[in-house]
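**Q** Just passing along the structure, written as structure tokens.
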Amino acid sequence: MPDSRFKVLTSASTSGPGDAGRTGSWRVERPIIDYSRCTPAKTGKASCHLCWLYCPDNVVSKTLEPKIDLEYCKGCGICAEECPVKAIEMVSEEQFVKGGEDE
Ligand code: SF4
Ligand code: SF4
């Protein structure tokens, strides 16, 4: 019988989108994915997904075309740093305000 005094603790917690709350309007840059460079999107095969793995807010989907939930994305840029093929570009939010373009 296992000793109940010893629990197995791992770092694999299951956080959900928006653990730090909705981002609001303070994000300075937003990540934009170029699917023509993104490996799973290009090959149609589940692979890579480092953006999903490293996003501290867990707002990137693990899909062939990874989607970012901008409602909760904090714009930290970790996904762009970790993407091995540089498919993610951090774009200034000002660009979207000025152009009136938003997602
Ligand atoms: S910018 Fe940061 S919070 Fe937003 S999707 Fe990338 S890693 Fe996640
Ligand atoms: S890290 Fe880059 S190549 Fe990998 S799934 Fe994300 S966007 Fe695509």
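Each chain in the structure tokens gets a letter, A, B, ..., in the order shown, and its residues are numbered from 1; ligands are numbered from 1 in order too.
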Got a sec to check which residues lie within 12 Å of ligand 2, using only C-alpha atoms and all ligand atoms, and send them as an MDAnalysis selection string?
**A** chainID A and resid 31:55 59:68 77:90
**Q** Hey, what's within 12 Å of Leu70 in chain A if we count only C-alpha atoms and toss same-chain stuff fewer than 2 positions away? As a list in words, please?
**A**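 Here the qualifying residues turn out to be Pro17, Gly18, Gly21, Arg22, Thr23, Gly24, Ser25, Trp26, Arg27, Glu29, Arg30, Pro31, Ile32, Asp57, Asn58, Val59, Val60, Ser61, Lys67, Ile68, Tyr72, Cys73, Lys74, Gly75, Cys76, Glu93, Asp102 and Glu103 of chain A.
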**Q** So that I have them on file, write out the residues from the current selection with N, CA and C atoms, as a compact mmCIF listing (two decimals), in the first residue's frame.
**A**
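And here's out.txt as it stands now:
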```txt
# COMPACT_ATOMS: atom_id res chain seq x y z
N PRO A 17 -6.44 29.58 -19.41
CA PRO A 17 -6.28 30.90 -20.00
C PRO A 17 -6.68 31.97 -18.99
N GLY A 18 -5.88 32.98 -18.94
CA GLY A 18 -6.26 34.12 -18.13
C GLY A 18 -6.07 33.92 -16.64
N GLY A 21 -5.91 37.13 -15.44
CA GLY A 21 -7.03 38.00 -15.80
C GLY A 21 -6.97 38.51 -17.23
N ARG A 22 -8.05 39.15 -17.65
CA ARG A 22 -8.09 39.72 -19.00
C ARG A 22 -7.05 40.81 -19.12
N THR A 23 -6.48 40.93 -20.30
CA THR A 23 -5.38 41.86 -20.48
C THR A 23 -5.83 43.32 -20.55
N GLY A 24 -6.99 43.57 -21.06
CA GLY A 24 -7.43 44.96 -21.19
C GLY A 24 -6.66 45.66 -22.28
N SER A 25 -6.37 46.95 -22.09
CA SER A 25 -5.76 47.71 -23.18
C SER A 25 -4.28 48.00 -22.94
N TRP A 26 -3.69 47.40 -21.93
CA TRP A 26 -2.32 47.78 -21.59
C TRP A 26 -1.24 47.02 -22.35
N ARG A 27 -1.61 45.99 -23.12
CA ARG A 27 -0.57 45.24 -23.85
C ARG A 27 0.11 46.16 -24.85
N GLU A 29 2.62 45.06 -27.18
CA GLU A 29 2.82 44.38 -28.46
C GLU A 29 1.98 43.12 -28.48
N ARG A 30 1.56 42.72 -29.68
CA ARG A 30 0.82 41.46 -29.78
C ARG A 30 1.54 40.52 -30.75
N PRO A 31 1.48 39.22 -30.47
CA PRO A 31 2.13 38.26 -31.35
C PRO A 31 1.27 37.96 -32.57
N ILE A 32 1.90 37.93 -33.72
CA ILE A 32 1.21 37.57 -34.96
C ILE A 32 1.96 36.36 -35.55
N ASP A 57 0.81 32.08 -20.03
CA ASP A 57 -0.61 32.26 -19.77
C ASP A 57 -1.48 31.18 -20.39
N ASN A 58 -0.83 30.25 -21.07
CA ASN A 58 -1.56 29.12 -21.66
C ASN A 58 -2.68 29.60 -22.59
N VAL A 59 -2.34 30.56 -23.45
CA VAL A 59 -3.37 31.10 -24.34
C VAL A 59 -3.13 30.75 -25.81
N VAL A 60 -2.20 29.84 -26.05
CA VAL A 60 -1.95 29.40 -27.43
C VAL A 60 -2.54 28.00 -27.60
N SER A 61 -3.30 27.80 -28.65
CA SER A 61 -3.92 26.49 -28.87
C SER A 61 -2.91 25.52 -29.47
N LYS A 67 -3.56 29.12 -32.52
CA LYS A 67 -4.31 30.38 -32.36
C LYS A 67 -3.98 30.97 -31.00
N ILE A 68 -3.88 32.28 -30.97
CA ILE A 68 -3.57 32.98 -29.73
C ILE A 68 -4.81 33.73 -29.25
N TYR A 72 -6.49 37.39 -23.51
CA TYR A 72 -5.69 37.12 -22.31
C TYR A 72 -4.19 37.21 -22.55
N CYS A 73 -3.75 37.21 -23.80
CA CYS A 73 -2.32 37.31 -24.11
C CYS A 73 -1.75 38.59 -23.52
N LYS A 74 -0.62 38.46 -22.81
CA LYS A 74 -0.03 39.63 -22.14
C LYS A 74 1.03 40.32 -23.00
N GLY A 75 1.34 39.73 -24.13
CA GLY A 75 2.31 40.36 -25.02
C GLY A 75 3.74 40.24 -24.54
N CYS A 76 4.03 39.20 -23.77
CA CYS A 76 5.37 39.07 -23.18
C CYS A 76 6.44 38.73 -24.23
N GLU A 93 1.01 47.45 -30.66
CA GLU A 93 -0.45 47.61 -30.58
C GLU A 93 -0.88 48.91 -31.24
N ASP A 102 -8.57 45.47 -35.66
CA ASP A 102 -8.51 44.70 -34.43
C ASP A 102 -9.07 43.32 -34.69
N GLU A 103 -8.65 42.37 -33.82
CA GLU A 103 -9.15 41.00 -33.99
C GLU A 103 -10.22 40.71 -32.97
```
**Q** Pull the strand (DSSP E or B) assignments for range 12-74 of chain A out of DSSP run on the backbone, and list those residues as a PyMOL selection string.
**A** chain A and resi 29-33+60+68
**Q** Could you write out the selected residues, including C-alpha atoms, as a PDB file, in the first residue's frame?
**A**
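What landed in selection13.pdb:
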```pdb
ATOM      1  CA  GLU A  29       2.820  44.376 -28.458  1.00  0.00           C
ATOM      2  CA  ARG A  30       0.823  41.458 -29.785  1.00  0.00           C
ATOM      3  CA  PRO A  31       2.132  38.264 -31.354  1.00  0.00           C
ATOM      4  CA  ILE A  32       1.215  37.573 -34.960  1.00  0.00           C
ATOM      5  CA  ILE A  33       1.844  34.103 -36.386  1.00  0.00           C
ATOM      6  CA  VAL A  60      -1.946  29.400 -27.427  1.00  0.00           C
ATOM      7  CA  ILE A  68      -3.567  32.977 -29.726  1.00  0.00           C
TER       8      ILE A  68
END
```
